[in-house]
There are 8 protein chains.
Amino acid sequence: MDIIKKIEDIARLDVYREAWAGIPEIILAEGKDSQWITKLLVEMAKRKGMAIATRVNKESVKEIKRKKIKNFRWIHYDKARMIVVVKKNYKIKKINLKVGLISAGTTDIYVAEEARRIMELLGCQVITAYDIGIAGVHRLFIPLKKMLKEKVVCIVVVAGMDGALPTLVKSLVDVPVIGVPTSSGYGYGGQGESALMTMLQSCSPGLLVVNIDNGFGAACAAVLIAKQIKKMIDSSVRSND
Amino acid sequence: MDIIKKIEDIARLDVYREAWAGIPEIILAEGKDSQWITKLLVEMAKRKGMAIATRVNKESVKEIKRKKIKNFRWIHYDKARMIVVVKKNYKIKKINLKVGLISAGTTDIYVAEEARRIMELLGCQVITAYDIGIAGVHRLFIPLKKMLKEKVVCIVVVAGMDGALPTLVKSLVDVPVIGVPTSSGYGYGGQGESALMTMLQSCSPGLLVVNIDNGFGAACAAVLIAKQIKKMIDSSVRSND
Amino acid sequence: MDIIKKIEDIARLDVYREAWAGIPEIILAEGKDSQWITKLLVEMAKRKGMAIATRVNKESVKEIKRKKIKNFRWIHYDKARMIVVVKKNYKIKKINLKVGLISAGTTDIYVAEEARRIMELLGCQVITAYDIGIAGVHRLFIPLKKMLKEKVVCIVVVAGMDGALPTLVKSLVDVPVIGVPTSSGYGYGGQGESALMTMLQSCSPGLLVVNIDNGFGAACAAVLIAKQIKKMIDSSVRSND
Amino acid sequence: MDIIKKIEDIARLDVYREAWAGIPEIILAEGKDSQWITKLLVEMAKRKGMAIATRVNKESVKEIKRKKIKNFRWIHYDKARMIVVVKKNYKIKKINLKVGLISAGTTDIYVAEEARRIMELLGCQVITAYDIGIAGVHRLFIPLKKMLKEKVVCIVVVAGMDGALPTLVKSLVDVPVIGVPTSSGYGYGGQGESALMTMLQSCSPGLLVVNIDNGFGAACAAVLIAKQIKKMIDSSVRSND
Amino acid sequence: MDIIKKIEDIARLDVYREAWAGIPEIILAEGKDSQWITKLLVEMAKRKGMAIATRVNKESVKEIKRKKIKNFRWIHYDKARMIVVVKKNYKIKKINLKVGLISAGTTDIYVAEEARRIMELLGCQVITAYDIGIAGVHRLFIPLKKMLKEKVVCIVVVAGMDGALPTLVKSLVDVPVIGVPTSSGYGYGGQGESALMTMLQSCSPGLLVVNIDNGFGAACAAVLIAKQIKKMIDSSVRSND
Amino acid sequence: MDIIKKIEDIARLDVYREAWAGIPEIILAEGKDSQWITKLLVEMAKRKGMAIATRVNKESVKEIKRKKIKNFRWIHYDKARMIVVVKKNYKIKKINLKVGLISAGTTDIYVAEEARRIMELLGCQVITAYDIGIAGVHRLFIPLKKMLKEKVVCIVVVAGMDGALPTLVKSLVDVPVIGVPTSSGYGYGGQGESALMTMLQSCSPGLLVVNIDNGFGAACAAVLIAKQIKKMIDSSVRSND
Amino acid sequence: MDIIKKIEDIARLDVYREAWAGIPEIILAEGKDSQWITKLLVEMAKRKGMAIATRVNKESVKEIKRKKIKNFRWIHYDKARMIVVVKKNYKIKKINLKVGLISAGTTDIYVAEEARRIMELLGCQVITAYDIGIAGVHRLFIPLKKMLKEKVVCIVVVAGMDGALPTLVKSLVDVPVIGVPTSSGYGYGGQGESALMTMLQSCSPGLLVVNIDNGFGAACAAVLIAKQIKKMIDSSVRSND
Amino acid sequence: MDIIKKIEDIARLDVYREAWAGIPEIILAEGKDSQWITKLLVEMAKRKGMAIATRVNKESVKEIKRKKIKNFRWIHYDKARMIVVVKKNYKIKKINLKVGLISAGTTDIYVAEEARRIMELLGCQVITAYDIGIAGVHRLFIPLKKMLKEKVVCIVVVAGMDGALPTLVKSLVDVPVIGVPTSSGYGYGGQGESALMTMLQSCSPGLLVVNIDNGFGAACAAVLIAKQIKKMIDSSVRSND
């Protein structure tokens with residue numbers, strides 16, 4: 001009685017979204033059936049060459065990868081909990097700009113990796129520095145110096161528990177910083193609430209924030225900043241010619 | 001017993017902050033004595049040529065303006081609730097880039113004006129469109145088109161109550177968008193909680209957020225993005241030479 | 001020691017409720033034993049010809065369907081998570097009025113389907129438009145136009161995450177709109193809190209709201225509006241004769 | 001520096017809203033300057049014949065009424081905290097349908113009166129029954145019977161503290177019921193939180209809810225239901241001719 | 001390394017508590033190991049003749065009942081989620097007073113049954129009326145009349161979701177009423193929050209409340225009221241002799 | 001336009017409530033106009049001989065006392081924030097039973113006094129012990145012993161901040177205990193939230209709770225327990241004759 | 001009717017508390033009448049030589065200081081919002097140990113000063129460093145180094161908004177650190193909630209916390225640590241003799 | 001694609017932390033893969049002689065213990081949910097000072113044991129008293145007296161539900177007290193919220209608090225106090241020589 005005959009029964013793919021909003025439609029797998037995710041990915045990939053799903057659990061990954069599509073291959077990013085299907089000759093459009101990515105603790109790596117893969121798949125280069133907790137703050141200075149030297153367009157900082165790291169980073173650099181609170185931590189303020197609050201209450205003016213565990217959102221914002229810089233450099237170069 | 005003899009008793013001015021973090025120290029007047037605010041502004045202005053205080057109430061404005069300083073003048077932005085003291089020949093360092101600024105309702109203007117004045121004082125040009133509520137969404141398209149045409153580097157969107165406007169804006173443009181929830185609205189989700197939540201839960205990937213009523217923070221972030229673009233255009237132009 | 005001998009031990013069926021309150025008693029399966037649900041459904045169906053249970057999990061469905069009753073048949077609505085038992089010759093009393101039903105994202109379909117099935121079983125015709133997210137708002141206009149043309153008596157709008165869709169719909173139509181927040185979304189404001197708040201804080205005056213995931217409640221309200229219209233048309237027609 | 005030269009500086013009037021959304025633009029005075037409210041009211045009234053502001057405090061009322069406009073007069077509804085400016089020969093468009101309005105306690109009257117005045121100004125007839133608390137539930141039956149006899153299209157029920165009254169009303173009638181929680185009550189669940197929760201958790205299926213103290217929103221929804229009924233009766237009568 | 005050699009390692013039994021506080025020590029099984037629960041029950045029963053554990057899950061019940069003790073027997077109350085171990089010739093000390101017990105919905109029965117068993121095991125007679133929801137309020141009057149006729153010393157009312165029933169009961173009787181909110185209900189105010197709030201905000205003065213799902217606590221309070229009445233009747237009778 | 005002509009415009013007095021619910025209608029002054037409160041008190045007093053208002057602020061007291069009524073006099077209880085109007089020859093119906101009343105800190109006295117006055121006006125004798133904080137717990141034992149010796153029917157314990165005192169009292173006595181959390185305390189858990197939580201989470205089984213600052217509610221419950229005891233003693237004595 | 005005849009009517013002074021709990025009774029003025037505070041201070045000072053009240057507002061200070069007492073003098077600490085009454089020849093018992101005290105922002109000074117005065121009045125020496133925000137973290141190292149060199153027994157760190165400073169301090173020193181969140185900050189997590197959460201979620205193990213704005217509590221804890229060290233040094237020295 | 005080649009991919013060990021912050025790096029196992037935990041423990045143990053992980057679930061313990069390392073052995077503390085790997089000849093550096101450790105209920109033992117093991121492994125002696133609930137407060141005095149006699153440097157008090165025990169302990173002793181709220185308890189204020197609030201709102205000045213279930217943090221703080229005392233005694237002894 002509830003059989004899905006065609007994709008329009010459950011979803012409408014939005015292939016024009018990238019043109020409008022600068023970011024292609026990416027599928028949030030959470031709360032969706034493996035069968036649905038597969039259908040959506042395949043349909044999207046056929047039209048665009050590549051399709052991406054985030055927050056895919058291990059059971060779904062297994063089921064999804066069973067579906068074989070000619071001329072396409074599956075890539076599974078384990079720590080990022082992402083699955084990608086891509087045409088064999090597909091080329092990522094490079095932006096040729098760098099983004100910094102810092103994470104505070106070992107358990108924040110899942111979210112950091114989600115951000116990294118999205119940024120790479122959408123054309124940025126990513127310089128990472130993981131496990132730079134505020135409890136060992138002396139470990140922060142070397143990677144930060146490197147990022148500034150490499151001219152990162154912005155820095156994404158992933159942190160759970162007290163969520164203090166993005167504030168500290170922002171107080172030390174003059175590039176845009178995006179804080180991503182994570183749901184690590186327990187007790188009062190656990191599940192990311194404390195980290196989110198701290199970042200929104202930051203004493204370092206200009207810190208930008210996305211929702212808890214939303215590595216995906218931070219990555220999209222970083223990509224938009226990079227694209228905007230590229231566009232303006234290109235048009236400035238052109239007008240200089 | 002509690003007489004303030006010198007400024008070091010209550011605060012340490014941080015004149016080097018701009019070099020580090022890209023944004024000069026700006027004084028949050030809220031919770032501070034008029035006498036303290038005046039002292040801090042004067043001291044800062046003497047060293048830097050200009051000093052800015054935000055969230056100044058009307059009583060404080062009156063008291064502060066009574067203090068006369070040679071070669072300096074006070075500027076009071078009523079709707080922005082800001083006071084500025086500036087050397088008579090002081091020149092703002094222009095960035096020569098534009099930022100879009102949209103507000104949803106009449107009561108959001110206070111926060112929008114705070115953002116506008118900060119952005120202007122820190123060197124950006126601002127294109128505004130006020131009172132563009134989601135309840136009359138047809139009013140959005142013309143100003144948005146203008147902003148894109150003027151090549152804004154990013155758009156700051158100020159909205160209270162349901163806080164839905166930044167999501168809508170983000171879904172229609174491919175530049176970075178910063179949402180500023182305001183504390184308008186009453187009942188459940190009033191005081192900006194609903195607006196903040198909506199922006200953090202946004203369906204439009206890449207929307208960046210600051211805290212409730214934090215027009216100041218959004219402005220700083222927009223300035224940082226503009227500065228970063230300028231730096232990279234400059235260095236790209238230089239490397240092209 | 002805790003053996004259920006007769007139905008009165010656990011529940012009192014309310015077969016007169018429809019006459020009073022316009023909606024028959026419908027069984028909420030959540031938190032109830034499969035054995036109890038079966039007993040309640042069978043007892044109710046015998047007296048009324050049809051009995052409905054909502055929020056039935058898959059394990060319960062299997063157990064319930066094992067019970068065979070002469071002259072009755074089971075209908076399982078998978079996506080709506082409902083089970084219905086109905087006499088073979090049972091006829092739904094038609095209201096002959098239409099209701100619009102819009103859902104925002106793929107994960108909201110469960111709640112939308114619950115609303116749809118309840119409305120259909122209680123006599124309404126339903127015009128659906130699914131997966132109309134605010135992130136791709138251009139997809140909204142065609143189905144909305146169709147609904148208005150078909151003279152829907154009201155529109156039920158199901159949305160999770162930022163919950164902004166019902167406000168947008170209400171700003172574009174002059175019929176009653178009922179918003180149903182869903183528990184999709186994660187992090188701050190997840191579990192439907194953000195969607196509920198946004199709808200209650202809506203800038204579009206006149207938006208009506210039910211609790212998170214309460215597709216059932218929205219459906220009942222829509223049916224009551226339809227029935228009321230039918231009653232008044234009928235009495236108006238009669239008085240015109 | 002912040003002088004309002006023309007109305008476009010602070011707001012854009014939306015005179016076409018009624019055609020779109022069924023409800024004209026009404027000004028929320030809360031958080032707005034008396035001077036702004038006056039400007040907005042006068043401008044709106046000149047174009048539409050009548051303009052309404054809600055949540056006006058006593059100081060603003062005094063200031064607003066000082067402004068004299070030829071051929072217009074001010075009406076101040078004290079308990080409803082509303083001010084209206086209306087052309088001398090202005091006629092309200094009658095819908096000729098009735099709405100029931102019940103309030104639970106003496107302190108809920110402010111919100112109930114706001115709902116009543118809005119409904120009357122937008123064309124409905126209102127049958128009221130005030131101070132019908134659940135603690136003296138026997139007082140409910142007579143007014144309820146009267147409302148049903150008078151064929152109200154729906155019933156708006158205003159209640160604070162425990163917020164149980166709308167559920168009780170809904171369980172006794174087969175017309176749509178809209179619950180309005182009020183911010184009366186103190187301690188845990190005070191400020192309307194308890195009343196709102198109770199209404200959203202109602203055991204009586206089909207109860208519709210608006211935000212705390214939002215008598216205005218409930219009134220708009222009731223008017224939309226009435227208008228919808230009128231439209232459908234009219235078209236049904238026409239098709240019967 | 002963590003072997004429990006004797007009971008003192010994990011708990012100190014409090015056999016004198018009944019003398020002090022009027023209620024014997026009863027074991028909360030939740031969060032405790034089956035092995036610990038068994039040890040505590042056996043030890044307590046040996047000293048007092050009877051021992052009671054509440055909130056025992058099905059797995060623990062199985063394990064606990066495996067332990068055989070001479071002259072004692074296990075009683076498992078399934079719906080009440082309780083296990084009792086009692087000496088074969090043990091006699092409950094009767095108070096010879098009655099308590100009323102009302103529950104609102106089918107899912108509230110677990111909590112109501114916990115209250116009932118505790119009250120019976122501590123010597124009260126209990127008159128029950130289950131599934132008396134506010135949505136079908138006409139079902140309330142007959143059992144209430146019976147309870148008053150039987151001279152119940154107080155009435156315990158168990159209700160989830162909107163939690164309005166205890167307020168209604170209290171408004172109709174002049175005996176003490178104890179409300180027990182239950183964790184049924186979903187969405188905003190789910191998990192018993194709404195029911196608790198409503199009871200604490202009750203418009204019926206004198207309603208007493210215990211925590212969510214705390215049928216045990218309500219039962220203890222009812223027993224204390226009954227014991228107090230018995231004590232005072234006894235001493236009054238004695239002083240009358 | 002909003003002139004109150006007769007009392008029915010704003011309220012319906014409920015003179016029969018005492019017969020039904022054991023407690024006469026008492027007026028909550030908070031949120032009501034002085035003029036309304038006076039009207040309600042006078043009307044009620046004329047019918048019943050005495051009328052009581054709680055939570056009356058100082059300004060209202062002054063206004064109310066200006067109204068002179070023949071054969072009646074005003075009593076103002078300052079610390080209890082109550083005003084009473086009473087016929088000159090009015091006699092309180094004595095219950096002849098005692099209630100214990102303990103308060104934890106100096107700031108809790110307002111709530112304790114409200115409870116005391118209500119209990120006395122409704123016929124109980126009250127034994128008080130104020131400022132018995134848990135921080136000086138040795139001060140608790142003497143008053144507690146006295147209360148038990150005087151055969152109090154129950155003990156009302158008023159406490160703010162940590163709210164631990166009722167639990168301690170309950171662990172030491174075998175009579176019913178009613179905890180009243182107060183809104184003293186600041187920071188996290190301030191405004192009575194911590195005190196309420198602690199009482200609902202009490203380790204001492206049988207502790208009963210009312211809402212924050214609800215001295216009135218606790219008093220009503222204590223009166224109901226006392227009345228119930230009196231009724232049962234009387235009927236027991238009668239049946240013994 | 002509510003006249004305070006003697007101090008026992010409102011409070012019981014606890015002159016032995018210092019012997020038991022290591023800290024003398026100190027009067028929290030908040031929520032108390034000026035008249036009461038004066039009475040309590042005078043009574044306490046007469047018995048102990050010195051009496052202290054915290055959180056005294058300016059109006060109360062004026063009233064209190066009007067009371068002249070022979071051989072005693074009033075000291076008002078403005079920024080600490082404290083008033084002290086002390087015998088003219090009174091000598092503070094010195095502990096001869098030092099405590100570090102750091103505050104993050106200018107608005108945190110009120111709380112820091114409360115902590116400082118309490119620590120000094122109870123016998124500690126205090127080394128302060130104010131306005132050391134995390135946004136200018138380079139200002140932290142010099143005062144920290146000094147404190148360690150001076151052998152502070154512990155460090156009290158007062159911080160509002162993001163509350164990150166105590167974590168940073170704890171990560172750099174090996175002495176006990178006590179974090180005091182303050183109610184500065186606005187929007188989400190304002191009123192100290194964010195600061196409290198961050199400190200409780202701290203990544204630096206061993207950070208101890210008190211409630212929001214509770215400079216008094218932190219000071220008491222620091223004094224207890226100092227006293228404990230002094231006691232143990234004294235007894236160790238004695239046993240070495 | 002996501003293979004961990006070397007430890008630097010996921011974490012940076014901080015072997016110098018103990019020198020800086022007084023507490024060595026200890027691994028929080030929660031949210032980490034068994035494979036990662038093992039790697040981190042082994043790496044740390046090789047450099048420092050001992051490595052500790054907390055919050056290890058049973059499945060991880062099994063997997064971790066499978067890894068055999070020459071000259072090292074695994075110790076599993078079941079109730080403390082900790083695993084330790086230690087060189088065979090490793091000697092704990094003794095501080096030779098005692099700490100008191102009290103727990104309130106049987107379910108608090110897990111947290112108490114975590115605190116105990118950490119304190120012992122970092123060199124303290126621990127005197128325990130478990131299951132000392134406030135409901136049987138007479139059981140508190142003997143262990144407390146013993147602790148004071150044994151000159152404990154401070155007392156850690158672990159309590160869930162109402163969380164009142166630390167306040168009571170603090171009111172009876174003059175040594176520093178650290179409260180640890182636990183997540184036992186259900187309903188409103190469950191999951192440790194009530195216990196945390198009560199401790200932060202404590203009427204006993206000087207009570208220090210850590211987050212819910214954070215036995216580890218309390219232990220670290222107690223160790224830091226002990227170390228500080230030892231350092232100061234040693235330096236005092238030296239300066240006395």
# chains A, B, ... in the order shown; residues from 1 in each chain; ligands from 1

$ residues_around --residues "Val84 in chain H" --least-positions-apart "4" --cutoff "8 Å" --atoms "only C-alpha atoms" --output "list in words"
Met50, Ala51, Ile52, Ala53, Trp74, Ile75 and His76 of chain H

$ write_last_selection --atoms "C-alpha atoms" --output "mmCIF file, in the first residue's frame"
data_model
loop_
_atom_site.group_PDB
_atom_site.id
_atom_site.type_symbol
_atom_site.label_atom_id
_atom_site.label_comp_id
_atom_site.auth_asym_id
_atom_site.auth_seq_id
_atom_site.Cartn_x
_atom_site.Cartn_y
_atom_site.Cartn_z
ATOM 1 C CA MET H 50 51.326 4.026 33.796
ATOM 2 C CA ALA H 51 48.277 5.062 31.755
ATOM 3 C CA ILE H 52 44.665 5.373 32.841
ATOM 4 C CA ALA H 53 41.368 5.357 30.937
ATOM 5 C CA TRP H 74 46.221 -4.466 32.790
ATOM 6 C CA ILE H 75 44.129 -3.652 35.862
ATOM 7 C CA HIS H 76 40.378 -3.395 35.418
#

$ interface_residues --of "chain G" --to "chain H" --cutoff "7 Å" --atoms "only C-alpha atoms" --output "PyMOL selection string"
chain G and resi 20-22+153+170-176+200-201+205-211+217-218+220-221+224-225+228-229+233+237

$ write_last_selection --atoms "C-alpha atoms" --output "PDB file, in the first residue's frame"
ATOM      1  CA  TRP G  20      31.552  24.191  63.267  1.00  0.00           C
ATOM      2  CA  ALA G  21      31.907  25.124  59.627  1.00  0.00           C
ATOM      3  CA  GLY G  22      35.058  27.282  59.518  1.00  0.00           C
ATOM      4  CA  VAL G 153      47.446  28.479  47.899  1.00  0.00           C
ATOM      5  CA  LYS G 170      43.937  25.747  35.175  1.00  0.00           C
ATOM      6  CA  SER G 171      45.782  24.368  32.148  1.00  0.00           C
ATOM      7  CA  LEU G 172      48.809  26.510  33.031  1.00  0.00           C
ATOM      8  CA  VAL G 173      49.161  26.015  36.817  1.00  0.00           C
ATOM      9  CA  ASP G 174      49.374  23.127  39.291  1.00  0.00           C
ATOM     10  CA  VAL G 175      47.464  24.764  42.179  1.00  0.00           C
ATOM     11  CA  PRO G 176      43.707  24.411  42.852  1.00  0.00           C
ATOM     12  CA  LEU G 200      31.575  22.651  34.488  1.00  0.00           C
ATOM     13  CA  GLN G 201      32.465  21.189  31.055  1.00  0.00           C
ATOM     14  CA  PRO G 205      40.631  18.416  34.955  1.00  0.00           C
ATOM     15  CA  GLY G 206      40.348  19.603  38.528  1.00  0.00           C
ATOM     16  CA  LEU G 207      38.656  22.945  37.956  1.00  0.00           C
ATOM     17  CA  LEU G 208      36.231  23.655  40.829  1.00  0.00           C
ATOM     18  CA  VAL G 209      33.114  25.761  40.354  1.00  0.00           C
ATOM     19  CA  VAL G 210      30.617  27.798  42.372  1.00  0.00           C
ATOM     20  CA  ASN G 211      27.292  29.304  41.268  1.00  0.00           C
ATOM     21  CA  GLY G 217      31.120  31.256  47.969  1.00  0.00           C
ATOM     22  CA  ALA G 218      34.419  31.076  46.086  1.00  0.00           C
ATOM     23  CA  CYS G 220      34.790  31.021  51.526  1.00  0.00           C
ATOM     24  CA  ALA G 221      36.169  27.944  49.770  1.00  0.00           C
ATOM     25  CA  LEU G 224      38.853  27.027  53.909  1.00  0.00           C
ATOM     26  CA  ILE G 225      41.724  25.720  51.754  1.00  0.00           C
ATOM     27  CA  GLN G 228      43.348  23.779  56.174  1.00  0.00           C
ATOM     28  CA  ILE G 229      46.896  24.340  54.907  1.00  0.00           C
ATOM     29  CA  ILE G 233      51.539  23.173  58.536  1.00  0.00           C
ATOM     30  CA  VAL G 237      55.676  21.901  62.562  1.00  0.00           C
TER      31      VAL G 237
END

$ atom_distance --atom1 "CA of Gly187 in chain F" --atom2 "CA of Leu165 in chain F"
19.9 Å

$ select_by_dssp --residues "range 95-215 of chain D" --states "alpha helix (DSSP H)" --output "PyMOL selection string"
chain D and resi 109-121+141-149+165-172+193-200+215

$ residues_around --residues "Asp108 in chain D" --least-positions-apart "5" --cutoff "7 Å" --atoms "only C-alpha atoms" --output "PyMOL selection string"
chain D and resi 103+158-160+182

$ atom_distance --atom1 "CA of Tyr90 in chain F" --atom2 "CA of Met119 in chain F"
16.6 Å

$ atom_distance --atom1 "CA of Gly105 in chain F" --atom2 "CA of Leu41 in chain G"
15.8 Å

$ closest_residue --among "B:Cys124, B:Val99, B:Ile27, B:Ala129" --to "Val85 in chain B" --atoms "only C-alpha atoms"
B:Ile27

$ residues_around --residues "Ser194 in chain D" --least-positions-apart "6" --cutoff "9 Å" --atoms "only C-alpha atoms" --output "ChimeraX atom specification"
/D:160-163,181,185,188 /E:189,193-198,200-201

$ residues_around --residues "Gly215 in chain F" --least-positions-apart "3" --cutoff "6 Å" --atoms "only C-alpha atoms" --output "number ranges by chain"
F: 111, 114-115, 218

$ write_last_selection --atoms "N, CA, C and O atoms" --output "CSV table (one decimal), in the first residue's frame"
chain,number,residue,atom,x,y,z
F,111,VAL,N,6.5,34.0,52.4
F,111,VAL,CA,5.7,32.8,51.9
F,111,VAL,C,5.1,32.1,53.1
F,111,VAL,O,3.9,31.6,53.1
F,114,GLU,N,2.2,33.9,54.5
F,114,GLU,CA,1.0,33.7,53.7
F,114,GLU,C,0.3,32.4,54.1
F,114,GLU,O,-0.9,32.3,54.3
F,115,ALA,N,1.1,31.3,54.2
F,115,ALA,CA,0.6,30.0,54.6
F,115,ALA,C,-0.1,30.1,56.0
F,115,ALA,O,-1.2,29.6,56.2
F,218,ALA,N,-0.2,25.3,49.8
F,218,ALA,CA,0.2,24.4,50.9
F,218,ALA,C,-0.8,24.6,52.0
F,218,ALA,O,-1.2,23.6,52.6

$ residues_around --residues "Lys58 in chain D" --least-positions-apart "4" --cutoff "9 Å" --atoms "only C-alpha atoms" --output "ChimeraX atom specification"
/D:62-63,78,81

$ write_last_selection --atoms "C-alpha atoms" --output "short mmCIF file (atom, residue, chain, number, x, y, z; two decimals), in the first residue's frame"
data_model
loop_
_atom_site.label_atom_id
_atom_site.label_comp_id
_atom_site.auth_asym_id
_atom_site.auth_seq_id
_atom_site.Cartn_x
_atom_site.Cartn_y
_atom_site.Cartn_z
CA LYS D 62 -1.62 59.50 25.29
CA GLU D 63 1.04 60.62 22.83
CA ASP D 78 -8.40 50.08 27.25
CA ARG D 81 -4.59 47.57 24.90
#

$ residues_around --residues "Ser34 in chain B" --least-positions-apart "3" --cutoff "10 Å" --atoms "only C-alpha atoms" --output "MDAnalysis selection string"
chainID B and resid 29:31 37:40 56:57 59:64

$ write_last_selection --atoms "N, CA, C and O atoms" --output "tab-separated table (two decimals), in the first residue's frame"
chain	number	residue	atom	x	y	z
B	29	ALA	N	29.28	49.04	26.47
B	29	ALA	CA	28.92	49.94	27.57
B	29	ALA	C	28.02	49.26	28.60
B	29	ALA	O	28.03	49.61	29.78
B	30	GLU	N	27.23	48.31	28.16
B	30	GLU	CA	26.26	47.64	29.02
B	30	GLU	C	26.94	47.10	30.29
B	30	GLU	O	27.97	46.43	30.22
B	31	GLY	N	26.36	47.42	31.45
B	31	GLY	CA	26.89	46.94	32.72
B	31	GLY	C	28.06	47.77	33.22
B	31	GLY	O	28.69	47.41	34.21
B	37	ILE	N	32.98	54.32	31.27
B	37	ILE	CA	32.91	54.31	29.79
B	37	ILE	C	33.66	55.53	29.24
B	37	ILE	O	34.46	55.42	28.31
B	38	THR	N	33.40	56.70	29.83
B	38	THR	CA	34.06	57.93	29.38
B	38	THR	C	35.58	57.78	29.45
B	38	THR	O	36.30	58.05	28.49
B	39	LYS	N	36.05	57.36	30.62
B	39	LYS	CA	37.50	57.17	30.81
B	39	LYS	C	38.09	56.26	29.74
B	39	LYS	O	39.10	56.55	29.13
B	40	LEU	N	37.39	55.10	29.52
B	40	LEU	CA	37.90	54.12	28.56
B	40	LEU	C	37.91	54.70	27.15
B	40	LEU	O	38.88	54.54	26.40
B	56	VAL	N	25.03	51.84	24.52
B	56	VAL	CA	25.07	52.95	25.47
B	56	VAL	C	23.63	53.42	25.70
B	56	VAL	O	22.94	53.75	24.74
B	57	ASN	N	23.17	53.48	26.95
B	57	ASN	CA	21.81	53.97	27.17
B	57	ASN	C	21.77	55.49	27.17
B	57	ASN	O	22.80	56.15	27.22
B	59	GLU	N	20.88	57.80	29.28
B	59	GLU	CA	21.43	58.52	30.42
B	59	GLU	C	22.96	58.62	30.28
B	59	GLU	O	23.56	59.67	30.50
B	60	SER	N	23.58	57.51	29.93
B	60	SER	CA	25.03	57.51	29.79
B	60	SER	C	25.47	58.46	28.68
B	60	SER	O	26.45	59.19	28.82
B	61	VAL	N	24.74	58.47	27.57
B	61	VAL	CA	25.10	59.35	26.46
B	61	VAL	C	25.19	60.78	26.94
B	61	VAL	O	26.17	61.49	26.68
B	62	LYS	N	24.16	61.20	27.69
B	62	LYS	CA	24.16	62.57	28.20
B	62	LYS	C	25.39	62.85	29.05
B	62	LYS	O	26.08	63.86	28.86
B	63	GLU	N	25.67	61.97	29.98
B	63	GLU	CA	26.82	62.17	30.88
B	63	GLU	C	28.14	62.18	30.11
B	63	GLU	O	29.02	63.00	30.37
B	64	ILE	N	28.25	61.22	29.18
B	64	ILE	CA	29.51	61.09	28.45
B	64	ILE	C	29.81	62.35	27.63
B	64	ILE	O	30.93	62.86	27.63
